file upload_16.cif (mmCIF, C-alpha atoms and all ligand atoms)
data_work
loop_
_atom_site.label_atom_id
_atom_site.label_comp_id
_atom_site.auth_asym_id
_atom_site.auth_seq_id
_atom_site.Cartn_x
_atom_site.Cartn_y
_atom_site.Cartn_z
CA MET A 32 -33.05 12.71 -9.88
CA SER A 33 -29.32 12.62 -10.74
CA SER A 34 -27.36 15.45 -12.31
CA ASN A 35 -24.90 15.24 -15.19
CA THR A 36 -21.94 14.60 -12.90
CA PHE A 37 -19.43 11.84 -12.32
CA LEU A 38 -18.36 11.69 -8.68
CA VAL A 39 -15.10 9.90 -7.81
CA PHE A 40 -13.48 8.77 -4.57
CA SER A 41 -10.45 6.80 -3.52
CA GLU A 42 -8.16 7.35 -0.57
CA LYS A 43 -5.35 5.98 -2.77
CA THR A 44 -4.10 8.78 -5.02
CA SER A 45 -2.92 6.59 -7.92
CA LEU A 46 -6.32 4.87 -8.03
CA LEU A 47 -8.13 8.20 -7.77
CA GLN A 48 -6.16 9.35 -10.83
CA GLU A 49 -7.27 6.26 -12.78
CA LEU A 50 -10.92 6.76 -11.86
CA LEU A 51 -10.69 10.47 -12.67
CA GLY A 52 -9.07 9.60 -16.03
CA GLU A 53 -12.04 7.42 -17.01
CA ALA A 54 -14.60 9.88 -15.63
CA ARG A 55 -13.00 12.73 -17.59
CA ARG A 56 -12.91 10.73 -20.84
CA GLN A 57 -16.60 9.92 -20.51
CA ALA A 58 -17.52 13.40 -19.25
CA ALA A 59 -15.87 14.98 -22.30
CA ALA A 60 -18.03 12.86 -24.62
CA LEU A 61 -21.23 13.50 -22.66
CA GLY A 62 -20.66 17.14 -21.70
CA TRP A 63 -20.80 16.17 -18.01
CA LYS A 64 -18.91 17.51 -15.00
CA VAL A 65 -16.40 15.57 -12.87
CA ALA A 66 -16.36 15.94 -9.10
CA ALA A 67 -14.16 14.20 -6.54
CA VAL A 68 -14.24 13.76 -2.77
CA GLY A 69 -11.19 14.62 -0.65
CA LEU A 70 -11.06 13.72 3.04
CA GLY A 71 -9.15 15.61 5.71
CA LYS A 72 -7.96 19.15 6.35
CA ASP A 73 -5.59 19.64 3.44
CA VAL A 74 -6.86 18.44 0.06
CA SER A 75 -4.88 20.92 -2.05
CA ALA A 76 -2.86 18.16 -3.82
CA LEU A 77 -6.08 16.43 -4.92
CA ALA A 78 -7.41 19.64 -6.47
CA GLU A 79 -4.77 19.32 -9.21
CA LEU A 80 -5.75 15.81 -10.33
CA GLY A 81 -8.44 16.58 -12.88
CA ALA A 82 -11.80 17.11 -11.17
CA ASP A 83 -13.88 20.22 -11.88
CA VAL A 84 -15.12 20.28 -8.30
CA LEU A 85 -13.53 18.82 -5.18
CA TYR A 86 -15.81 18.22 -2.19
CA GLN A 87 -13.72 18.47 0.94
CA VAL A 88 -14.99 16.75 4.09
CA ASP A 89 -12.79 17.01 7.14
CA VAL A 90 -13.11 13.51 8.62
CA ASP A 91 -10.66 10.80 9.69
CA ALA A 92 -10.12 8.74 6.53
CA HIS A 93 -9.33 5.65 8.62
CA ASN A 94 -12.80 5.49 10.13
CA PRO A 95 -15.20 3.73 7.72
CA GLU A 96 -18.29 5.04 9.50
CA LEU A 97 -17.17 8.65 9.09
CA VAL A 98 -16.02 8.03 5.53
CA THR A 99 -19.45 6.55 4.73
CA ALA A 100 -21.16 9.64 6.12
CA ALA A 101 -18.79 11.94 4.21
CA LEU A 102 -19.35 10.13 0.90
CA ALA A 103 -23.12 10.12 1.44
CA ALA A 104 -22.96 13.89 2.07
CA ALA A 105 -20.96 14.43 -1.13
CA ALA A 106 -23.40 12.25 -3.09
CA ALA A 107 -26.33 14.25 -1.70
CA GLN A 108 -24.61 17.44 -2.82
CA ALA A 109 -23.47 16.26 -6.27
CA GLN A 110 -26.39 13.95 -7.12
CA PRO A 111 -24.06 12.07 -9.47
CA GLY A 112 -25.20 9.92 -12.37
CA VAL A 113 -22.24 7.62 -11.62
CA PHE A 114 -20.27 7.53 -8.36
CA LEU A 115 -16.97 5.65 -8.84
CA ILE A 116 -15.33 4.34 -5.67
CA GLY A 117 -11.87 2.74 -5.66
CA ALA A 118 -12.05 -0.96 -4.74
CA THR A 119 -9.54 -0.83 -1.92
CA LYS A 120 -10.23 -2.43 1.44
CA LEU A 121 -11.75 0.85 2.62
CA GLY A 122 -13.63 1.43 -0.64
CA MET A 123 -15.19 -2.05 -0.61
CA GLU A 124 -16.21 -1.55 2.99
CA VAL A 125 -17.87 1.83 2.58
CA ALA A 126 -19.43 1.54 -0.90
CA PRO A 127 -22.36 -0.73 0.10
CA ARG A 128 -23.00 1.48 3.13
CA VAL A 129 -23.23 4.56 0.91
CA VAL A 130 -25.60 2.62 -1.37
CA GLU A 131 -27.79 1.84 1.64
CA ARG A 132 -27.85 5.55 2.63
CA THR A 133 -28.49 6.94 -0.83
CA GLY A 134 -30.71 4.27 -2.41
CA ALA A 135 -28.38 4.21 -5.44
CA GLY A 136 -27.87 1.25 -7.77
CA TYR A 137 -24.69 -0.73 -7.12
CA ALA A 138 -22.22 -3.03 -8.81
CA ALA A 139 -18.77 -4.13 -7.60
CA TRP A 140 -15.53 -4.83 -9.49
CA THR A 141 -16.41 -2.79 -12.54
CA THR A 142 -14.15 -3.18 -15.56
CA GLY A 143 -16.11 -0.88 -17.89
CA PHE A 144 -19.25 1.23 -17.97
CA LYS A 145 -21.13 3.54 -20.29
CA VAL A 146 -23.78 6.14 -19.63
CA ASP A 147 -26.51 6.71 -22.18
CA GLY A 148 -26.47 10.51 -22.49
CA GLY A 149 -30.08 10.54 -23.71
CA THR A 150 -31.79 8.47 -21.01
CA GLY A 151 -29.17 8.79 -18.25
CA SER A 152 -29.16 5.01 -17.76
CA THR A 153 -25.88 3.18 -17.16
CA ILE A 154 -24.56 -0.15 -18.40
CA ALA A 155 -21.67 -1.64 -16.43
CA GLN A 156 -19.47 -4.71 -16.93
CA CYS A 157 -18.29 -6.31 -13.73
CA MET A 158 -16.00 -9.19 -12.82
CA LEU A 159 -17.68 -12.37 -11.60
CA TYR A 160 -16.28 -15.49 -9.97
CA THR A 161 -12.93 -13.87 -9.17
CA GLY A 162 -12.49 -12.72 -12.73
CA THR A 163 -13.42 -15.88 -14.66
CA GLY A 164 -16.67 -14.30 -15.85
CA VAL A 165 -18.17 -10.93 -16.65
CA ALA A 166 -21.67 -9.74 -15.76
CA THR A 167 -23.34 -6.87 -17.60
CA TYR A 168 -25.79 -4.78 -15.59
CA HIS A 169 -28.34 -2.33 -17.05
CA PHE A 170 -29.32 0.33 -14.55
CA LYS A 171 -32.35 2.60 -14.70
CA PRO A 172 -31.61 6.37 -14.81
CA GLY A 173 -30.48 7.62 -11.39
CA THR A 174 -27.33 7.40 -9.29
CA VAL A 175 -25.25 4.25 -9.73
CA ILE A 176 -22.32 3.46 -7.44
CA LEU A 177 -19.56 1.36 -9.02
CA THR A 178 -16.38 0.08 -7.38
CA ALA A 179 -13.31 -0.40 -9.57
CA ALA A 180 -9.95 -1.94 -8.72
CA PRO A 181 -6.52 -0.49 -9.53
CA GLY A 182 -5.69 -1.11 -13.19
CA ALA A 183 -9.31 -1.24 -14.40
CA PHE A 184 -8.99 2.23 -15.93
CA GLU A 185 -6.13 4.41 -17.10
CA ALA A 186 -5.13 7.70 -15.56
CA GLY A 187 -5.54 10.66 -17.86
CA PRO A 188 -3.29 13.64 -18.56
CA ALA A 189 -3.21 16.51 -16.05
CA ALA A 190 -6.27 18.72 -16.21
CA GLY A 191 -4.37 21.97 -16.49
CA LYS A 192 -6.60 23.75 -14.00
CA ALA A 193 -7.30 23.26 -10.32
CA ALA A 194 -10.68 22.08 -9.09
CA GLU A 195 -13.05 24.42 -7.28
CA VAL A 196 -12.91 23.25 -3.64
CA VAL A 197 -16.29 23.07 -1.89
CA ALA A 198 -16.14 22.35 1.84
CA LEU A 199 -18.95 20.18 3.17
CA ALA A 200 -19.80 20.00 6.86
CA ALA A 201 -18.20 17.00 8.55
CA PRO A 202 -20.87 14.54 9.73
CA ALA A 203 -21.43 15.11 13.43
CA ALA A 204 -20.86 12.17 15.81
CA ALA A 205 -21.67 9.64 13.09
CA SER A 206 -19.28 7.01 14.41
CA SER A 207 -19.75 4.35 17.06
CA MET A 208 -16.04 3.47 17.07
CA THR A 209 -12.82 5.01 18.25
CA ILE A 210 -9.66 4.10 16.41
CA LEU A 211 -6.95 3.52 18.99
CA GLU A 212 -4.04 2.97 16.66
CA TYR A 213 -3.37 3.04 12.95
CA LYS A 214 -0.25 1.29 11.68
CA PRO A 215 0.44 1.72 7.97
CA LYS A 216 2.31 -1.21 6.42
CA PRO A 217 5.77 -0.21 5.29
CA SER A 218 5.97 -0.10 1.50
CA SER A 219 8.95 -1.52 -0.37
CA GLY A 220 8.70 1.49 -2.66
CA ALA A 221 8.00 -0.70 -5.71
CA ARG A 222 6.27 1.25 -8.51
CA LEU A 223 4.19 -1.53 -9.98
CA ASP A 224 1.93 0.91 -11.81
CA ILE A 225 4.74 2.16 -14.06
CA ALA A 226 7.09 -0.86 -14.14
CA ARG A 227 7.86 -2.31 -17.58
CA LEU A 228 9.07 -5.53 -15.95
CA VAL A 229 7.62 -7.08 -12.82
CA VAL A 230 9.30 -10.02 -11.12
CA ASP A 231 6.45 -11.82 -9.39
CA VAL A 232 7.50 -13.81 -6.31
CA GLY A 233 5.50 -16.83 -5.14
CA GLN A 234 5.76 -19.37 -2.35
CA GLY A 235 8.21 -21.43 -4.41
CA VAL A 236 10.76 -18.94 -3.04
CA LYS A 237 11.49 -20.64 0.26
CA GLN A 238 13.21 -18.16 2.52
CA ARG A 239 13.21 -14.44 3.00
CA GLU A 240 16.97 -14.29 2.34
CA ASP A 241 16.32 -15.72 -1.13
CA LEU A 242 14.60 -12.47 -2.03
CA GLN A 243 18.07 -11.01 -2.53
CA MET A 244 18.54 -13.27 -5.54
CA VAL A 245 15.16 -12.31 -6.98
CA GLN A 246 15.82 -8.62 -6.31
CA ALA A 247 19.18 -8.94 -8.08
CA LEU A 248 17.38 -10.24 -11.17
CA ALA A 249 14.86 -7.38 -11.00
CA ASP A 250 17.72 -4.86 -10.64
CA LEU A 251 19.55 -6.38 -13.59
CA LEU A 252 16.52 -5.78 -15.81
CA ASP A 253 15.34 -2.54 -14.17
CA GLY A 254 12.23 -4.30 -12.87
CA GLN A 255 10.10 -4.08 -9.73
CA LEU A 256 9.08 -6.83 -7.32
CA GLY A 257 5.50 -7.95 -6.84
CA CYS A 258 4.29 -11.11 -5.11
CA SER A 259 1.44 -13.51 -4.45
CA ARG A 260 -0.80 -12.78 -1.50
CA PRO A 261 0.63 -15.40 0.89
CA ILE A 262 4.07 -13.79 0.48
CA ALA A 263 2.61 -10.49 1.66
CA SER A 264 -0.02 -11.61 4.15
CA ASP A 265 1.22 -14.92 5.62
CA ARG A 266 4.97 -14.45 5.39
CA ASP A 267 4.87 -10.65 5.65
CA TRP A 268 7.94 -10.28 3.38
CA PHE A 269 6.74 -7.20 1.52
CA PRO A 270 3.29 -5.77 0.87
CA GLU A 271 2.97 -5.37 -2.94
CA TRP A 272 0.84 -8.40 -3.79
CA LEU A 273 -0.87 -8.88 -7.11
CA GLY A 274 -4.32 -10.23 -7.75
CA LEU A 275 -7.96 -9.95 -7.03
CA SER A 276 -7.48 -8.20 -3.73
CA GLY A 277 -4.10 -6.72 -4.67
CA ALA A 278 -2.59 -4.68 -7.49
CA LYS A 279 -3.41 -5.23 -11.16
CA ILE A 280 -0.44 -4.72 -13.43
CA LYS A 281 0.12 -4.22 -17.16
CA PRO A 282 3.90 -4.41 -17.66
CA ASP A 283 5.67 -5.48 -20.86
CA LEU A 284 6.85 -8.60 -19.04
CA CYS A 285 5.69 -10.31 -15.88
CA LEU A 286 8.18 -12.96 -14.80
CA THR A 287 6.56 -15.27 -12.25
CA ILE A 288 8.89 -17.22 -9.98
CA GLY A 289 7.46 -20.10 -7.96
CA VAL A 290 3.86 -18.89 -8.42
CA SER A 291 1.23 -21.63 -8.89
CA GLY A 292 -1.18 -19.46 -10.89
CA ALA A 293 -4.34 -19.45 -8.75
CA ILE A 294 -7.13 -17.52 -10.48
CA GLN A 295 -7.14 -14.92 -7.69
CA HIS A 296 -3.51 -14.17 -8.58
CA ILE A 297 -3.95 -14.36 -12.36
CA VAL A 298 -6.57 -11.58 -12.19
CA GLY A 299 -3.75 -9.23 -11.20
CA ILE A 300 -1.23 -10.18 -13.91
CA ARG A 301 -3.26 -11.27 -16.93
CA ASP A 302 -3.12 -7.85 -18.61
CA SER A 303 0.69 -8.09 -18.83
CA HIS A 304 1.91 -7.99 -22.43
CA LEU A 305 3.93 -11.17 -21.81
CA ILE A 306 3.94 -13.63 -18.94
CA ALA A 307 6.89 -15.95 -18.40
CA ALA A 308 6.70 -18.54 -15.64
CA ILE A 309 9.31 -20.57 -13.79
CA ASN A 310 7.92 -23.52 -11.84
CA THR A 311 8.92 -27.09 -10.98
CA ASP A 312 5.41 -28.48 -11.36
CA GLU A 313 4.44 -29.32 -14.91
CA GLY A 314 0.77 -29.28 -13.90
CA ALA A 315 0.88 -25.82 -12.29
CA PRO A 316 -2.00 -23.68 -13.64
CA ILE A 317 0.41 -20.82 -14.32
CA PHE A 318 1.61 -22.74 -17.39
CA THR A 319 -1.85 -22.48 -18.95
CA GLN A 320 -1.65 -18.68 -18.62
CA ALA A 321 1.98 -17.99 -19.44
CA ASP A 322 3.32 -17.14 -22.90
CA TYR A 323 6.64 -18.79 -21.98
CA GLY A 324 7.07 -21.54 -19.40
CA VAL A 325 10.28 -22.80 -17.83
CA LEU A 326 9.97 -26.14 -16.05
CA ALA A 327 12.86 -25.76 -13.62
CA ASP A 328 13.93 -25.28 -10.05
CA LEU A 329 14.20 -21.54 -9.54
CA TYR A 330 17.30 -22.02 -7.39
CA VAL A 331 19.09 -23.59 -10.33
CA PHE A 332 17.53 -21.57 -13.11
CA LEU A 333 17.78 -18.00 -11.76
CA PRO A 334 21.56 -17.95 -11.14
CA ALA A 335 22.11 -19.44 -14.63
CA LEU A 336 19.73 -16.90 -16.18
CA MET A 337 21.46 -13.96 -14.50
CA GLU A 338 24.86 -15.24 -15.57
CA ARG A 339 23.67 -15.43 -19.19
CA ILE A 340 22.07 -11.98 -19.06
CA LYS A 341 25.34 -10.51 -17.77
CA ALA A 342 27.52 -12.44 -20.19
CA ARG A 343 25.45 -11.37 -23.17
CA GLY A 344 25.06 -7.79 -21.94
CA VAL A 345 21.26 -8.04 -22.25
CA ARG A 346 19.73 -4.62 -21.78
CA PRO A 347 15.97 -4.13 -22.06
CA SER A 348 14.87 -1.23 -24.25
CA TRP A 349 13.33 0.59 -21.27
CA MET A 350 16.64 0.90 -19.37
CA PRO A 351 18.13 4.40 -19.46
C1 LIG A 401 -11.02 -14.70 -1.62
C2 LIG A 401 -9.58 -14.95 -1.97
C3 LIG A 401 -8.85 -13.91 -2.51
C4 LIG A 401 -7.53 -14.11 -2.86
N1 LIG A 401 -6.84 -13.07 -3.42
C5 LIG A 401 -5.57 -13.29 -3.81
C6 LIG A 401 -4.85 -12.25 -4.47
O1 LIG A 401 -5.33 -11.12 -4.67
N2 LIG A 401 -3.58 -12.52 -4.86
C7 LIG A 401 -2.98 -13.76 -4.68
O2 LIG A 401 -1.83 -13.93 -5.07
N3 LIG A 401 -3.66 -14.73 -4.05
C8 LIG A 401 -4.91 -14.54 -3.62
N4 LIG A 401 -5.57 -15.55 -2.99
C9 LIG A 401 -4.81 -16.79 -2.68
C10 LIG A 401 -4.71 -17.72 -3.89
O3 LIG A 401 -5.87 -18.53 -3.98
C11 LIG A 401 -3.48 -18.65 -3.79
O4 LIG A 401 -3.54 -19.35 -2.57
C12 LIG A 401 -2.15 -17.90 -3.87
O5 LIG A 401 -2.14 -17.04 -4.98
C13 LIG A 401 -1.02 -18.93 -4.01
O6 LIG A 401 0.22 -18.26 -3.94
P1 LIG A 401 1.53 -18.89 -4.57
O7 LIG A 401 1.30 -19.18 -6.01
O8 LIG A 401 2.66 -18.01 -4.19
O9 LIG A 401 1.73 -20.23 -3.72
P2 LIG A 401 1.47 -21.74 -4.05
O10 LIG A 401 0.10 -21.96 -4.56
O11 LIG A 401 1.88 -22.50 -2.84
O12 LIG A 401 2.48 -22.07 -5.25
C14 LIG A 401 3.85 -22.16 -5.13
C15 LIG A 401 4.39 -22.70 -6.45
O13 LIG A 401 5.80 -22.72 -6.42
C16 LIG A 401 6.25 -23.87 -7.12
N5 LIG A 401 7.59 -24.20 -6.62
C17 LIG A 401 7.92 -24.73 -5.43
N6 LIG A 401 9.25 -24.83 -5.32
C18 LIG A 401 9.78 -24.33 -6.47
C19 LIG A 401 11.11 -24.17 -6.94
N7 LIG A 401 12.17 -24.51 -6.19
N8 LIG A 401 11.28 -23.62 -8.16
C20 LIG A 401 10.22 -23.25 -8.94
N9 LIG A 401 8.94 -23.40 -8.52
C21 LIG A 401 8.72 -23.92 -7.30
C22 LIG A 401 5.22 -24.94 -6.82
O14 LIG A 401 5.22 -25.93 -7.83
C23 LIG A 401 3.93 -24.11 -6.78
O15 LIG A 401 3.28 -24.14 -8.05
C24 LIG A 401 -6.91 -15.37 -2.64
C25 LIG A 401 -7.65 -16.43 -2.09
C26 LIG A 401 -8.96 -16.21 -1.76
C27 LIG A 401 -9.74 -17.37 -1.18
#
call {"tool": "encode", "arguments": {"input": "upload_16.cif", "output": "structure tokens", "more": "lines below"}}
Ligand SMILES: Cc1cc2nc3c(=O)[nH]c(=O)nc-3n(C[C@H](O)[C@H](O)[C@H](O)COP(=O)(O)OP(=O)(O)OC[C@H]3O[C@@H](n4cnc5c(N)ncnc54)[C@H](O)[C@@H]3O)c2cc1C
result
Amino acid sequence: MSSNTFLVFSEKTSLLQELLGEARRQAAALGWKVAAVGLGKDVSALAELGADVLYQVDVDAHNPELVTAALAAAAAQAQPGVFLIGATKLGMEVAPRVVERTGAGYAAWTTGFKVDGGTGSTIAQCMLYTGTGVATYHFKPGTVILTAAPGAFEAGPAAGKAAEVVALAAPAAASSMTILEYKPKPSSGARLDIARLVVDVGQGVKQREDLQMVQALADLLDGQLGCSRPIASDRDWFPEWLGLSGAKIKPDLCLTIGVSGAIQHIVGIRDSHLIAAINTDEGAPIFTQADYGVLADLYVFLPALMERIKARGVRPSWMP
């Protein structure tokens, strides 16, 4: 039997805030409680993010086996109606394991859900076929675990009061692995979540040095750089990729530069207010998605564009 509680977890704070925002909006309408899970010794910063209760489990957040055990312990304690887990690499790895431990219902890549306050049953919409379709699932009353990617929900305002912190016993010797080394990828510091303009770099940009030109354009318009996955994973230029497995953005303008427009990438940028694309290939799928298309070589077009912007003193409304 589940209780009238939303439980929320992500190791990524910005995503946790988005999931908490949605949980709080729905909890306010239903008269439910919102609980979150914080891993590690010091979870004081998480207590300020909007949960009523924060379950603290002191485990290594890099070990998926221990994280699974910690989340299962929190679920056993909270008996949530809905347990939202951030669809990060870690979240997607542990969520099905927690489902297996708890016997909960499960759906991945949720874009929306609603709980029937009367029956306690949940209806969830989830992305299918890398975002080209949507499936709607009706769950019986009981705990449902849903994963949601960054950008699926909006963060809410600060709660105004700190959560009650409840320490749960760390799962004893639940892991068969020892992590020898953990190397976080250096971040470029780009704030894609709040950027009004994102300059989206694709493989049409040939060399790493050419990023300087793209960065100069972003600086001129007070924008941030994002990229396609091969730029981040194959070329290792910078880590902020957009798409199915990357960030989902909603800026005023997304300016794609040498991006072909594969569906896995489009999933990350399609909520932009405007998309403008620069590409040399008339048949590139990005042109079917963009509001404005420029059929041009980026190496010719970008210098000319920047020259015009400077000459005309173009200044987007969001610049201070
Ligand atoms: C399971 C799975 C998940 C994936 N998840 C993601 C994801 O989250 N995000 C993501 O981005 N990808 C993802 N991918 C990869 C995706 O399918 C594409 O391979 C990738 O997005 C292509 O990146 P791109 O557009 O930069 O490169 P390309 O497809 O190589 O396109 C480069 C484009 O640049 C143009 N171009 C070349 N030279 C110039 C020039 N001088 N001026 C202007 N234009 C030029 C070309 O015409 C071409 O259209 C995923 C794939 C799989 C299988």
call {"tool": "closest_residue", "arguments": {"input": "upload_16.cif", "among": "A:Ala126, A:Met244, A:Val165, A:Leu273", "to": "Ala335 (chain A)", "atoms": "all atoms listed in the file"}}
result
A:Met244
call {"tool": "residues_near_ligand", "arguments": {"input": "upload_16.cif", "ligand": "ligand LIG 401 (chain A)", "cutoff": "6 Å", "atoms": "only C-alpha atoms and all ligand atoms", "output": "list in words"}}
result
Gly233, Gln234, Gly235, Ser259, Arg260, Pro261, Leu273, Gly274, Leu275, Ser276, Gly277, Gly289, Val290, Ser291, Gly292, Ala293, Gln295, His296, Ile309, Asn310, Thr311, Asp312, Ala315, Ala327, Asp328, Leu329 and Tyr330 of chain A
call {"tool": "atom_distance", "arguments": {"input": "upload_16.cif", "atom1": "CA of Val197 (chain A)", "atom2": "CA of Ala179 (chain A)"}}
result
24.9 Å
call {"tool": "residues_around", "arguments": {"input": "upload_16.cif", "residues": "Ala60 (chain A)", "least_positions_apart": "6", "cutoff": "12 Å", "atoms": "all atoms listed in the file", "output": "count of residues only"}}
result
7
call {"tool": "atom_distance", "arguments": {"input": "upload_16.cif", "atom1": "CA of Cys285 (chain A)", "atom2": "CA of Thr44 (chain A)"}}
result
24.0 Å
call {"tool": "closest_atom_pairs", "arguments": {"input": "upload_16.cif", "of": "region 175-278 of chain A", "to": "region 65-74 of chain A", "cutoff": "12 Å", "atoms": "all atoms listed in the file", "output": "Markdown table"}}
result
| residue | atom | partner | partner_atom | distance |
| --- | --- | --- | --- | --- |
| A:Ala190 | CA | A:Val65 | CA | 11.1 |
| A:Ala193 | CA | A:Val74 | CA | 11.5 |
| A:Ala194 | CA | A:Ala66 | CA | 8.4 |
| A:Glu195 | CA | A:Ala66 | CA | 9.3 |
| A:Val196 | CA | A:Val74 | CA | 8.6 |
| A:Val197 | CA | A:Val68 | CA | 9.6 |
| A:Ala198 | CA | A:Gly69 | CA | 9.5 |
| A:Leu199 | CA | A:Val68 | CA | 9.9 |
| A:Ala200 | CA | A:Leu70 | CA | 11.4 |
| A:Ala201 | CA | A:Gly71 | CA | 9.6 |
| A:Pro202 | CA | A:Leu70 | CA | 11.9 |
call {"tool": "write_last_selection", "arguments": {"input": "upload_16.cif", "atoms": "C-alpha atoms", "output": "PDB file, in the frame of the given file"}}
result
ATOM      1  CA  ALA A 190      -6.270  18.720 -16.210  1.00  0.00           C
ATOM      2  CA  ALA A 193      -7.300  23.260 -10.320  1.00  0.00           C
ATOM      3  CA  ALA A 194     -10.680  22.080  -9.090  1.00  0.00           C
ATOM      4  CA  GLU A 195     -13.050  24.420  -7.280  1.00  0.00           C
ATOM      5  CA  VAL A 196     -12.910  23.250  -3.640  1.00  0.00           C
ATOM      6  CA  VAL A 197     -16.290  23.070  -1.890  1.00  0.00           C
ATOM      7  CA  ALA A 198     -16.140  22.350   1.840  1.00  0.00           C
ATOM      8  CA  LEU A 199     -18.950  20.180   3.170  1.00  0.00           C
ATOM      9  CA  ALA A 200     -19.800  20.000   6.860  1.00  0.00           C
ATOM     10  CA  ALA A 201     -18.200  17.000   8.550  1.00  0.00           C
ATOM     11  CA  PRO A 202     -20.870  14.540   9.730  1.00  0.00           C
TER      12      PRO A 202
END
call {"tool": "axis_aligned_box", "arguments": {"input": "upload_16.cif", "around": "region 169-186 of chain A", "padding_each_side": "4 Å", "output": "AutoDock Vina command-line options"}}
result
--center_x -18.7 --center_y 2.7 --center_z -12.2 --size_x 35.2 --size_y 18.0 --size_z 17.7
call {"tool": "closest_residue", "arguments": {"input": "upload_16.cif", "among": "A:Ala109, A:Ala139, A:Ile225, A:Met337", "to": "Ser33 (chain A)", "atoms": "all atoms listed in the file"}}
result
A:Ala109
call {"tool": "atom_distance", "arguments": {"input": "upload_16.cif", "atom1": "CA of Thr141 (chain A)", "atom2": "CA of Leu177 (chain A)"}}
result
6.3 Å
call {"tool": "closest_residue", "arguments": {"input": "upload_16.cif", "among": "A:Gly187, A:Pro282, A:Gly182, A:Gly143", "to": "Val230 (chain A)", "atoms": "only C-alpha atoms"}}
result
A:Pro282
call {"tool": "closest_residue", "arguments": {"input": "upload_16.cif", "among": "A:Gly112, A:Pro347, A:Pro215, A:Gly191", "to": "Leu252 (chain A)", "atoms": "all atoms listed in the file"}}
result
A:Pro347
call {"tool": "residues_around", "arguments": {"input": "upload_16.cif", "residues": "Leu102 (chain A)", "least_positions_apart": "6", "cutoff": "12 Å", "atoms": "all atoms listed in the file", "output": "ChimeraX atom specification"}}
result
/A:38-42,66-70,86-90,92,95-96,108-111,114-116,122,125-133,176,199-202
call {"tool": "closest_residue", "arguments": {"input": "upload_16.cif", "among": "A:Ala203, A:Met350, A:Ala226, A:Val236", "to": "Leu251 (chain A)", "atoms": "all atoms listed in the file"}}
result
A:Met350
call {"tool": "residues_around", "arguments": {"input": "upload_16.cif", "residues": "Leu51 (chain A)", "least_positions_apart": "5", "cutoff": "7 Å", "atoms": "only C-alpha atoms", "output": "PyMOL selection string"}}
result
chain A and resi 39+81-82+186
call {"tool": "closest_residue", "arguments": {"input": "upload_16.cif", "among": "A:Thr287, A:Met208, A:Ala118, A:Asp253", "to": "Pro351 (chain A)", "atoms": "all atoms listed in the file"}}
result
A:Asp253
